[in-house]
$ cat model.txt   # compact mmCIF, C-alpha atoms
# COMPACT_ATOMS: atom_id res chain seq x y z
CA MET A 1 106.18 115.23 158.48
CA LYS A 2 102.57 115.57 157.34
CA ALA A 3 101.52 116.62 160.84
CA ILE A 4 104.23 119.29 160.90
CA PHE A 5 103.22 120.51 157.41
CA PHE A 6 99.57 120.92 158.36
CA ALA A 7 100.53 122.55 161.65
CA LEU A 8 102.55 125.10 159.71
CA LEU A 9 99.62 125.80 157.40
CA ILE A 10 97.35 126.38 160.40
CA ALA A 11 99.95 128.63 162.02
CA LEU A 12 100.31 130.67 158.84
CA SER A 13 96.55 131.19 158.53
CA ILE A 14 96.23 132.16 162.21
CA ALA A 15 99.12 134.60 161.91
CA ASN A 16 97.51 136.46 159.04
CA PHE A 17 96.93 139.60 161.19
CA SER A 18 99.94 139.23 163.48
CA GLY A 19 101.20 142.56 164.87
CA THR A 20 97.97 144.50 164.13
CA ASP A 21 94.92 145.59 166.13
CA VAL A 22 92.92 142.73 164.64
CA HIS A 23 92.30 139.94 167.18
CA GLU A 24 93.06 136.49 165.75
CA LEU A 25 90.27 134.16 166.95
CA THR A 26 89.85 130.41 167.09
CA GLN A 27 86.40 128.91 166.86
CA ASP A 28 86.36 128.52 170.66
CA ASP A 29 87.41 132.17 171.09
CA PHE A 30 84.68 133.22 168.69
CA ASN A 31 82.00 131.32 170.58
CA ALA A 32 83.09 132.64 173.96
CA LYS A 33 83.97 136.26 173.12
CA VAL A 34 81.63 137.07 170.24
CA GLN A 35 78.75 134.64 169.80
CA ASP A 36 77.78 134.34 173.47
CA GLN A 37 78.42 137.92 174.65
CA LYS A 38 76.44 141.19 174.49
CA THR A 39 79.26 143.06 172.80
CA PHE A 40 80.02 144.59 169.41
CA TRP A 41 82.58 143.04 167.07
CA VAL A 42 83.59 143.50 163.47
CA ILE A 43 84.59 140.01 162.33
CA VAL A 44 86.26 139.03 159.07
CA GLU A 45 85.73 135.35 158.35
CA TYR A 46 88.12 134.28 155.63
CA SER A 47 89.52 131.46 153.56
CA ASN A 48 91.60 133.43 151.05
CA LEU A 49 92.21 137.09 151.81
CA SER A 50 93.89 139.48 149.36
CA SER A 51 96.58 141.85 150.59
CA GLU A 52 94.29 144.82 149.82
CA GLN A 53 91.42 143.35 151.86
CA ARG A 54 93.81 142.68 154.75
CA THR A 55 95.13 146.25 154.60
CA GLN A 56 91.64 147.76 154.76
CA VAL A 57 90.61 145.55 157.72
CA VAL A 58 93.79 146.54 159.61
CA LEU A 59 93.11 150.24 158.96
CA ALA A 60 89.52 149.84 160.19
CA ALA A 61 90.78 148.10 163.36
CA GLU A 62 93.15 150.99 164.07
CA ALA A 63 90.28 153.48 163.69
CA LEU A 64 87.89 151.47 165.90
CA LYS A 65 90.46 150.63 168.60
CA GLY A 66 89.03 151.18 172.09
CA MET A 67 85.47 151.47 170.76
CA ILE A 68 84.63 148.34 168.76
CA ASN A 69 86.68 145.13 168.64
CA VAL A 70 87.83 143.83 165.28
CA GLY A 71 88.57 140.14 164.92
CA ALA A 72 89.52 137.58 162.29
CA LEU A 73 88.45 133.96 162.07
CA SER A 74 89.98 131.56 159.53
CA ASN A 75 86.99 129.47 158.48
CA GLY A 76 88.46 127.66 155.46
CA SER A 77 85.34 128.03 153.31
CA SER A 78 84.51 131.63 152.34
CA THR A 79 85.46 135.26 152.90
CA VAL A 80 82.93 137.63 154.43
CA LEU A 81 82.87 140.56 156.85
CA ARG A 82 80.13 140.82 159.49
CA VAL A 83 79.24 143.07 162.41
CA TYR A 84 78.11 141.14 165.50
CA SER A 85 75.87 142.90 167.99
CA ASN A 86 74.45 141.00 170.94
CA GLY A 87 75.51 137.76 169.23
CA GLN A 88 73.53 138.56 166.07
CA ALA A 89 75.38 138.84 162.75
CA ILE A 90 74.79 141.54 160.16
CA GLU A 91 76.71 140.98 156.93
CA TYR A 92 78.63 143.94 155.57
CA PRO A 93 77.45 144.64 151.98
CA GLY A 94 79.82 147.41 150.93
CA GLU A 95 83.27 147.89 149.49
CA TRP A 96 86.31 146.61 151.34
CA GLU A 97 87.49 150.09 152.28
CA ALA A 98 88.37 151.07 155.84
CA GLN A 99 86.18 154.19 155.92
CA GLU A 100 83.12 152.30 154.69
CA ILE A 101 83.70 149.47 157.20
CA VAL A 102 83.97 151.98 160.07
CA ASN A 103 80.79 153.78 158.93
CA PHE A 104 78.90 150.51 158.75
CA ALA A 105 80.05 149.44 162.24
CA PHE A 106 78.97 152.72 163.82
CA ASP A 107 75.63 152.56 161.97
CA GLN A 108 74.93 149.20 163.62
CA ILE A 109 75.75 150.56 167.09
CA ARG A 110 73.56 153.60 166.42
CA ASP A 111 70.63 151.47 165.27
CA PHE A 112 71.02 149.14 168.26
CA ALA A 113 70.98 152.06 170.71
CA PHE A 114 67.94 153.70 169.13
CA LYS A 115 66.06 150.40 169.15
CA ARG A 116 66.48 150.43 172.92
CA VAL A 117 64.57 153.72 173.10
CA GLY A 118 61.94 152.47 170.68
CA LYS A 119 62.62 154.23 167.36
CA VAL A 120 65.36 154.34 164.73
CA PRO A 121 65.40 157.77 163.02
CA LYS A 122 66.48 158.20 159.43
CA LYS A 123 70.21 158.84 159.13
CA GLN A 124 71.24 162.33 158.08
CA GLY A 125 72.05 162.39 154.38
CA GLU A 126 70.93 158.75 154.00
CA LYS A 127 71.13 157.73 150.35
CA THR A 128 68.42 155.97 148.43
CA PRO A 129 69.38 152.46 147.28
CA GLU A 130 71.32 152.27 144.03
CA PRO A 131 69.29 150.98 141.07
CA GLN A 132 69.92 147.42 139.95
CA ILE A 133 72.48 147.11 137.15
CA ASP A 134 71.42 145.19 134.05
CA GLU A 135 74.54 143.22 133.11
CA SER A 136 72.75 140.85 130.74
CA ASP A 137 74.91 141.95 127.78
CA VAL A 138 78.20 141.49 129.65
CA ILE A 139 79.72 138.08 128.83
CA VAL A 140 81.02 136.28 131.92
CA LEU A 141 84.23 134.34 131.31
CA THR A 142 86.12 132.02 133.64
CA ASP A 143 89.73 131.04 134.13
CA ASP A 144 88.98 127.75 132.35
CA ASN A 145 87.40 129.14 129.18
CA LEU A 146 89.04 132.57 128.77
CA ASP A 147 91.85 131.56 126.39
CA GLU A 148 89.77 129.14 124.34
CA THR A 149 86.85 131.54 123.98
CA ILE A 150 88.87 134.57 122.89
CA LEU A 151 91.63 132.91 120.85
CA ASN A 152 89.13 130.83 118.86
CA SER A 153 86.96 133.85 118.13
CA LYS A 154 87.36 136.20 115.18
CA ASP A 155 85.44 138.91 117.04
CA ALA A 156 86.98 141.84 118.89
CA TRP A 157 86.86 141.53 122.71
CA PHE A 158 86.99 144.15 125.47
CA VAL A 159 87.65 142.33 128.75
CA GLU A 160 87.62 143.51 132.38
CA PHE A 161 89.66 141.55 134.92
CA TYR A 162 88.00 142.31 138.27
CA ALA A 163 87.70 141.28 141.91
CA PRO A 164 84.29 141.03 143.65
CA TRP A 165 85.54 143.04 146.65
CA CYS A 166 87.17 145.80 144.56
CA GLY A 167 85.54 149.21 145.08
CA HIS A 168 86.74 150.59 141.75
CA CYS A 169 85.29 147.53 139.99
CA LYS A 170 81.90 148.15 141.59
CA LYS A 171 81.97 151.76 140.43
CA LEU A 172 82.86 150.59 136.92
CA ALA A 173 80.03 148.00 136.78
CA PRO A 174 77.20 150.30 135.53
CA GLU A 175 79.49 151.91 132.94
CA TRP A 176 80.68 148.48 131.76
CA ALA A 177 77.10 147.18 131.53
CA LYS A 178 76.00 150.21 129.49
CA LEU A 179 79.05 149.79 127.23
CA ALA A 180 78.21 146.12 126.62
CA THR A 181 74.70 147.03 125.51
CA THR A 182 75.92 149.78 123.16
CA LEU A 183 78.59 147.58 121.56
CA LYS A 184 76.43 144.46 121.28
CA GLY A 185 76.93 142.94 117.82
CA GLU A 186 80.00 145.15 117.25
CA ILE A 187 82.52 144.27 119.98
CA LYS A 188 82.11 141.60 122.65
CA VAL A 189 82.31 143.06 126.17
CA ALA A 190 83.20 140.59 128.92
CA LYS A 191 84.44 140.29 132.50
CA ILE A 192 86.35 137.67 134.47
CA ASP A 193 86.96 137.32 138.19
CA ALA A 194 90.76 137.17 138.34
CA SER A 195 90.96 137.42 142.14
CA VAL A 196 90.72 133.67 142.75
CA GLU A 197 93.83 131.99 144.12
CA GLY A 198 96.10 130.66 141.40
CA SER A 199 94.29 132.52 138.61
CA LYS A 200 95.98 131.77 135.29
CA ALA A 201 94.43 134.82 133.71
CA LYS A 202 95.94 137.13 136.33
CA GLY A 203 99.48 136.09 135.50
CA LYS A 204 99.11 135.62 131.75
CA TYR A 205 97.47 138.99 131.09
CA LYS A 206 99.67 140.92 133.56
CA VAL A 207 96.89 141.80 136.00
CA GLU A 208 98.58 143.68 138.84
CA GLY A 209 95.53 145.53 140.16
CA PHE A 210 91.77 145.72 139.76
CA PRO A 211 90.13 146.48 137.48
CA THR A 212 92.53 145.71 134.61
CA ILE A 213 91.11 146.16 131.11
CA ARG A 214 92.46 144.51 127.95
CA PHE A 215 91.40 144.75 124.28
CA PHE A 216 91.77 141.85 121.83
CA GLY A 217 91.50 142.75 118.15
CA ALA A 218 89.23 141.04 115.62
CA GLY A 219 90.40 138.32 113.27
CA GLU A 220 93.00 135.62 113.83
CA LYS A 221 94.59 136.02 117.26
CA VAL A 222 98.06 135.28 118.59
CA ASP A 223 98.33 134.07 122.17
CA GLY A 224 99.40 136.92 124.46
CA ASP A 225 98.69 139.67 121.90
CA PHE A 226 96.45 142.37 123.41
CA GLU A 227 96.13 146.12 123.96
CA SER A 228 96.08 147.64 127.45
CA PHE A 229 93.48 150.29 128.37
CA ASP A 230 94.78 152.85 130.89
CA GLY A 231 92.30 155.71 130.44
CA ALA A 232 89.40 157.08 132.47
CA ARG A 233 86.82 154.44 133.35
CA ASP A 234 83.71 156.29 132.25
CA TYR A 235 81.30 155.16 129.55
CA ASN A 236 82.22 157.77 126.91
CA THR A 237 86.00 157.23 127.25
CA LEU A 238 85.61 153.44 127.16
CA LEU A 239 83.32 153.60 124.11
CA SER A 240 85.63 155.92 122.19
CA TYR A 241 88.68 153.76 123.00
CA ALA A 242 86.93 150.50 122.04
CA ARG A 243 85.78 151.77 118.65
CA GLU A 244 89.04 153.50 117.80
CA THR A 245 91.14 150.49 118.82
CA ASN A 246 88.82 148.16 116.92
CA ARG A 247 89.37 150.24 113.78
CA LYS A 248 93.13 150.28 114.37
CA LEU A 249 93.34 146.51 114.85
CA LYS A 250 90.81 145.59 112.17
CA PRO A 251 92.16 142.71 110.05
CA LEU A 252 92.85 143.38 106.40
CA PHE A 253 90.06 142.11 104.12
CA PHE A 254 91.71 140.84 100.94
CA GLU A 255 90.01 137.80 99.37
CA GLN A 256 89.64 136.18 95.98
CA LEU A 257 86.28 137.10 94.46
CA VAL A 258 84.48 133.78 94.08
CA ASN A 259 80.68 134.25 94.32
CA GLN A 260 77.78 136.68 94.48
CA GLN A 261 77.04 136.25 98.20
CA GLN A 262 80.59 137.16 99.16
CA PHE A 263 80.46 140.24 96.93
CA THR A 264 77.05 141.32 98.23
CA ASP A 265 77.94 140.94 101.91
CA ASN A 266 81.31 142.63 101.75
CA CYS A 267 80.98 145.09 98.89
CA LEU A 268 77.42 145.99 97.90
CA LYS A 269 76.34 146.35 101.55
CA SER A 270 79.45 148.36 102.39
CA THR A 271 79.34 152.10 102.99
CA GLY A 272 83.01 152.40 102.01
CA LEU A 273 85.01 151.48 98.94
CA CYS A 274 85.47 148.07 97.29
CA VAL A 275 88.79 147.72 95.51
CA LEU A 276 89.30 144.91 93.00
CA LEU A 277 92.71 143.79 91.80
CA PHE A 278 92.63 141.85 88.52
CA VAL A 279 95.78 139.75 88.00
CA PRO A 280 96.84 137.91 84.81
CA HIS A 281 95.45 134.44 84.09
CA ILE A 282 97.53 131.58 85.49
CA TYR A 283 98.42 130.53 81.92
CA ASP A 284 99.90 133.98 81.26
CA CYS A 285 101.56 134.39 84.67
CA ASP A 286 102.65 131.40 86.78
CA GLN A 287 102.06 131.00 90.53
CA GLU A 288 105.25 132.80 91.50
CA CYS A 289 104.39 135.70 89.21
CA ARG A 290 100.84 135.93 90.58
CA ASP A 291 102.01 135.75 94.21
CA ALA A 292 104.40 138.61 93.57
CA TYR A 293 101.52 140.83 92.40
CA LEU A 294 99.31 139.81 95.32
CA ASN A 295 102.07 140.37 97.87
CA THR A 296 102.93 143.79 96.45
CA TYR A 297 99.30 144.83 96.70
CA ARG A 298 98.75 143.30 100.16
CA GLU A 299 101.80 144.95 101.71
CA THR A 300 100.86 148.30 100.18
CA VAL A 301 97.31 148.36 101.54
CA LYS A 302 98.11 147.02 105.05
CA PRO A 303 98.69 150.51 106.49
CA LEU A 304 95.23 151.47 105.21
CA LYS A 305 93.36 148.63 106.94
CA SER A 306 91.65 151.04 109.37
CA LYS A 307 90.18 152.92 106.40
CA PRO A 308 86.72 152.07 104.96
CA LEU A 309 88.16 149.71 102.32
CA VAL A 310 87.61 146.07 101.39
CA HIS A 311 89.84 144.38 98.83
CA PHE A 312 89.22 141.55 96.36
CA TRP A 313 91.38 139.97 93.72
CA SER A 314 90.31 138.08 90.62
CA GLN A 315 92.03 136.19 87.83
CA ALA A 316 91.63 137.78 84.40
CA GLY A 317 88.58 136.31 82.67
CA ASP A 318 86.97 134.77 85.79
CA GLN A 319 84.67 137.82 86.05
CA TYR A 320 84.54 138.65 82.36
CA GLU A 321 81.21 140.53 82.44
CA LEU A 322 82.37 142.64 85.36
CA GLU A 323 85.57 143.51 83.51
CA GLU A 324 83.53 144.37 80.40
CA GLN A 325 81.15 146.59 82.37
CA PHE A 326 84.00 148.78 83.64
CA GLY A 327 86.18 148.66 80.53
CA LEU A 328 88.96 146.47 81.91
CA SER A 329 88.96 143.50 79.50
CA GLY A 330 91.82 143.72 77.06
CA ALA A 331 93.30 146.74 78.88
CA GLY A 332 96.19 144.81 80.35
CA TYR A 333 96.80 143.13 83.68
CA PRO A 334 97.24 143.63 86.54
CA SER A 335 94.65 146.42 86.87
CA VAL A 336 92.80 147.98 89.79
CA LEU A 337 89.13 149.01 89.98
CA ALA A 338 87.51 150.88 92.88
CA LEU A 339 83.75 150.95 93.46
CA SER A 340 81.56 152.99 95.80
CA PRO A 341 78.25 151.03 95.79
CA LYS A 342 76.51 153.60 97.99
CA LYS A 343 77.38 156.56 95.73
CA GLN A 344 77.40 154.47 92.52
CA LEU A 345 80.80 155.79 91.53
CA PHE A 346 83.87 153.99 90.16
CA SER A 347 87.45 154.75 89.28
CA LYS A 348 90.31 152.87 87.57
CA MET A 349 93.94 153.12 88.56
CA ARG A 350 96.27 154.47 85.90
CA GLY A 351 99.77 153.12 85.53
CA SER A 352 101.49 149.89 86.48
CA LEU A 353 101.01 147.94 89.72
CA THR A 354 103.62 149.46 92.00
CA SER A 355 103.35 150.30 95.67
CA ALA A 356 103.64 154.00 94.89
CA ASN A 357 100.83 153.92 92.30
CA VAL A 358 98.46 151.88 94.47
CA ASP A 359 99.10 154.06 97.54
CA ARG A 360 98.57 157.26 95.52
CA PHE A 361 95.39 155.95 93.90
CA LEU A 362 93.73 154.82 97.14
CA ASN A 363 94.68 157.91 99.15
CA ASN A 364 93.45 160.18 96.38
CA LEU A 365 90.14 158.30 96.35
CA LEU A 366 89.77 158.60 100.12
CA ASN A 367 90.54 162.33 99.93
CA GLY A 368 88.23 162.98 96.97
CA LYS A 369 91.08 163.83 94.58
CA GLU A 370 90.73 160.98 92.08
CA GLN A 371 88.68 161.16 88.87
CA VAL A 372 85.45 159.12 89.20
CA SER A 373 82.58 158.09 86.92
CA ARG A 374 79.00 157.03 87.64
CA PHE A 375 77.54 153.53 87.15
CA GLY A 376 74.16 151.86 87.67
CA SER A 377 73.99 148.34 89.04
CA VAL A 378 76.83 145.83 89.05
CA VAL A 379 76.49 142.80 86.79
CA PRO A 380 76.10 139.39 88.49
CA ILE A 381 79.25 137.81 89.90
CA GLU A 382 80.31 134.48 88.44
CA GLU A 383 80.96 131.57 90.79
CA VAL A 384 84.59 130.51 90.71
CA LYS A 385 85.64 126.99 91.72
CA ASN A 386 89.29 126.70 92.60
$ encode --input "model.txt" --output "structure tokens"
Amino acid sequence: MKAIFFALLIALSIANFSGTDVHELTQDDFNAKVQDQKTFWVIVEYSNLSSEQRTQVVLAAEALKGMINVGALSNGSSTVLRVYSNGQAIEYPGEWEAQEIVNFAFDQIRDFAFKRVGKVPKKQGEKTPEPQIDESDVIVLTDDNLDETILNSKDAWFVEFYAPWCGHCKKLAPEWAKLATTLKGEIKVAKIDASVEGSKAKGKYKVEGFPTIRFFGAGEKVDGDFESFDGARDYNTLLSYARETNRKLKPLFFEQLVNQQQFTDNCLKSTGLCVLLFVPHIYDCDQECRDAYLNTYRETVKPLKSKPLVHFWSQAGDQYELEEQFGLSGAGYPSVLALSPKKQLFSKMRGSLTSANVDRFLNNLLNGKEQVSRFGSVVPIEEVKN
């Protein structure tokens, strides 16, 4: 049975180009017809060949029929395309596209013929070599570490699923490299070769063609939750999409105010607004009561998470000097205070803590319609130990 199984595997690999103009070769055929003869061949040596690569080789064979032979040799180790002239191999460096393969084959025949007359002239319209692409800021992921790396990260990720032979991927490479440099420290830009046989990433992230581009938002991540990019693959479009999607998917910042460092990093260094919700002391309002206030506030501000807002909450009395500075102590709880550290302006919400009041207050602030007052520096923040 094993012998039959392996025989079938061999037969399947040899029949890869059955019914086309591509000559299936054994190693003996290759030695006799290609390696030891003064003839021209385009040979694809393959272990795993994608359907797109196969299609392009077949199209090239149809175009070259009667002029240059095209053959295929299953070598079981790698996949490469070479032009053989006079038994000497020249590896094809371009994209797996039929037109480019045909051009390359004819270039080799041309060069060989001119060498016979002593000089190889410059080709008409010959292009200068493309500059090297600096991809040092592009993070390279693998099938083994993709899930762990992204799901365990609180950063935003923009990921390209590519294939080394894909022409569109090669055209994207300089744009992707430039994007990675621009977004460094803001959004992680990565790539993963999803063309390998049995790629988990290809199936899990619905990669049906190359390149496929997915965006993973910042913060806690849920397995399988991502945004699909389907726009133009130029630098400006990619940059605009990445920043806009990052803003849209930005996690809500709503934390208990517990120390100075937290306040400095997230409020005083902010260019937007810091909003502080002061809830009653636990002795005046039990856990269920407090949670109700926090949940009302949280659900109200969720739709505004893409806006330049950070949110804190504090128990009445924990930040007594701060409450005193802005006239909140003794005014009743819950209460809401908004600060603009950059402009040194503040405002207090009027009315009770309802979704309608909070929504009105914050939108009026963002639109410059709320009454504000000026302040100097903020008093030190007390450390709170829960």
$ atom_distance --input "model.txt" --atom1 "CA of Pro174 (chain A)" --atom2 "CA of Phe158 (chain A)"
15.3 Å
$ closest_residue --input "model.txt" --among "A:Ala232, A:Val44, A:Val83, A:Cys166" --to "Glu95 (chain A)" --atoms "only C-alpha atoms"
A:Cys166
$ atom_distance --input "model.txt" --atom1 "CA of Asn16 (chain A)" --atom2 "CA of Ile68 (chain A)"
20.0 Å
$ closest_residue --input "model.txt" --among "A:Ile282, A:Leu328, A:Ala292, A:Ala173" --to "Ser355 (chain A)" --atoms "only C-alpha atoms"
A:Ala292
$ residues_around --input "model.txt" --residues "Phe229 (chain A)" --least-positions-apart "5" --cutoff "12 Å" --atoms "all atoms listed in the file" --output "VMD selection string"
chain A and resid 158 to 161 207 211 to 216 237 to 242 244 to 245
$ closest_residue --input "model.txt" --among "A:Ile109, A:Leu64, A:Ile187, A:Leu365" --to "Lys38 (chain A)" --atoms "only C-alpha atoms"
A:Ile109
$ atom_distance --input "model.txt" --atom1 "CA of Lys305 (chain A)" --atom2 "CA of Trp157 (chain A)"
18.5 Å
$ closest_residue --input "model.txt" --among "A:Leu146, A:Ala61, A:Leu49, A:Ala89" --to "Val34 (chain A)" --atoms "all atoms listed in the file"
A:Ala89
$ closest_residue --input "model.txt" --among "A:Ser228, A:Ser50, A:Asn236, A:Thr26" --to "Gly71 (chain A)" --atoms "all atoms listed in the file"
A:Thr26
$ closest_residue --input "model.txt" --among "A:Phe263, A:Tyr283, A:Phe278, A:Phe114" --to "Ile381 (chain A)" --atoms "only C-alpha atoms"
A:Phe263
$ residues_near_point --input "model.txt" --point "(85.7, 151.2, 89.7)" --cutoff "9 Å" --atoms "all atoms listed in the file" --output "PyMOL selection string"
chain A and resi 274-276+326+336-340+345-349+372-373+375
$ residues_around --input "model.txt" --residues "Glu62 (chain A)" --least-positions-apart "5" --cutoff "12 Å" --atoms "only C-alpha atoms" --output "number ranges by chain"
A: 19-23, 55-57, 67-71, 98-99, 101-102
$ write_last_selection --input "model.txt" --atoms "C-alpha atoms" --output "PDB file, keeping the file's coordinate frame"
ATOM      1  CA  GLY A  19     101.200 142.560 164.870  1.00  0.00           C
ATOM      2  CA  THR A  20      97.970 144.500 164.130  1.00  0.00           C
ATOM      3  CA  ASP A  21      94.920 145.590 166.130  1.00  0.00           C
ATOM      4  CA  VAL A  22      92.920 142.730 164.640  1.00  0.00           C
ATOM      5  CA  HIS A  23      92.300 139.940 167.180  1.00  0.00           C
ATOM      6  CA  THR A  55      95.130 146.250 154.600  1.00  0.00           C
ATOM      7  CA  GLN A  56      91.640 147.760 154.760  1.00  0.00           C
ATOM      8  CA  VAL A  57      90.610 145.550 157.720  1.00  0.00           C
ATOM      9  CA  MET A  67      85.470 151.470 170.760  1.00  0.00           C
ATOM     10  CA  ILE A  68      84.630 148.340 168.760  1.00  0.00           C
ATOM     11  CA  ASN A  69      86.680 145.130 168.640  1.00  0.00           C
ATOM     12  CA  VAL A  70      87.830 143.830 165.280  1.00  0.00           C
ATOM     13  CA  GLY A  71      88.570 140.140 164.920  1.00  0.00           C
ATOM     14  CA  ALA A  98      88.370 151.070 155.840  1.00  0.00           C
ATOM     15  CA  GLN A  99      86.180 154.190 155.920  1.00  0.00           C
ATOM     16  CA  ILE A 101      83.700 149.470 157.200  1.00  0.00           C
ATOM     17  CA  VAL A 102      83.970 151.980 160.070  1.00  0.00           C
TER      18      VAL A 102
END
$ residues_near_point --input "model.txt" --point "(101.7, 148.9, 109.8)" --cutoff "12 Å" --atoms "all atoms listed in the file" --output "list in words"
Lys248, Leu249, Lys250, Pro251, Leu252, Arg298, Glu299, Thr300, Val301, Lys302, Pro303, Leu304, Lys305 and Ser306 of chain A
$ axis_aligned_box --input "model.txt" --around "region 332-339 of chain A" --padding-each-side "4 Å" --output "JSON"
{"center_x": 90.5, "center_y": 147.0, "center_z": 86.9, "size_x": 21.5, "size_y": 15.8, "size_z": 21.1}
$ residues_around --input "model.txt" --residues "Val196 (chain A)" --least-positions-apart "6" --cutoff "10 Å" --atoms "all atoms listed in the file" --output "PyMOL selection string"
chain A and resi 48-50+143+163-164+202
$ write_last_selection --input "model.txt" --atoms "C-alpha atoms" --output "mmCIF file, in the frame of the given file"
data_model
loop_
_atom_site.group_PDB
_atom_site.id
_atom_site.type_symbol
_atom_site.label_atom_id
_atom_site.label_comp_id
_atom_site.auth_asym_id
_atom_site.auth_seq_id
_atom_site.Cartn_x
_atom_site.Cartn_y
_atom_site.Cartn_z
ATOM 1 C CA ASN A 48 91.600 133.430 151.050
ATOM 2 C CA LEU A 49 92.210 137.090 151.810
ATOM 3 C CA SER A 50 93.890 139.480 149.360
ATOM 4 C CA ASP A 143 89.730 131.040 134.130
ATOM 5 C CA ALA A 163 87.700 141.280 141.910
ATOM 6 C CA PRO A 164 84.290 141.030 143.650
ATOM 7 C CA LYS A 202 95.940 137.130 136.330
#
$ build_atoms --input "model.txt" --residues "region 238-252 of chain A" --atoms "N, CA and C atoms" --output "compact mmCIF listing (two decimals), keeping the file's coordinate frame"
# COMPACT_ATOMS: atom_id res chain seq x y z
N LEU A 238 85.51 154.86 127.50
CA LEU A 238 85.61 153.44 127.16
C LEU A 238 85.06 153.18 125.75
N LEU A 239 83.94 153.80 125.43
CA LEU A 239 83.32 153.60 124.11
C LEU A 239 84.22 154.13 123.00
N SER A 240 84.75 155.33 123.20
CA SER A 240 85.63 155.92 122.19
C SER A 240 86.88 155.06 121.99
N TYR A 241 87.47 154.59 123.09
CA TYR A 241 88.68 153.76 123.00
C TYR A 241 88.38 152.45 122.27
N ALA A 242 87.26 151.80 122.63
CA ALA A 242 86.93 150.50 122.04
C ALA A 242 86.75 150.61 120.53
N ARG A 243 86.04 151.63 120.08
CA ARG A 243 85.78 151.77 118.65
C ARG A 243 87.04 152.18 117.88
N GLU A 244 87.82 153.06 118.46
CA GLU A 244 89.04 153.50 117.80
C GLU A 244 90.06 152.36 117.72
N THR A 245 90.19 151.60 118.81
CA THR A 245 91.14 150.49 118.82
C THR A 245 90.67 149.37 117.90
N ASN A 246 89.37 149.18 117.83
CA ASN A 246 88.82 148.16 116.92
C ASN A 246 89.13 148.51 115.47
N ARG A 247 89.03 149.80 115.14
CA ARG A 247 89.37 150.24 113.78
C ARG A 247 90.87 150.04 113.52
N LYS A 248 91.68 150.38 114.52
CA LYS A 248 93.13 150.28 114.37
C LYS A 248 93.58 148.84 114.18
N LEU A 249 92.93 147.92 114.88
CA LEU A 249 93.34 146.51 114.85
C LEU A 249 92.54 145.68 113.86
N LYS A 250 91.66 146.32 113.11
CA LYS A 250 90.81 145.59 112.17
C LYS A 250 91.65 144.80 111.19
N PRO A 251 91.36 143.51 110.99
CA PRO A 251 92.16 142.71 110.05
C PRO A 251 91.94 143.17 108.62
N LEU A 252 92.96 143.01 107.80
CA LEU A 252 92.85 143.38 106.40
C LEU A 252 91.93 142.41 105.67
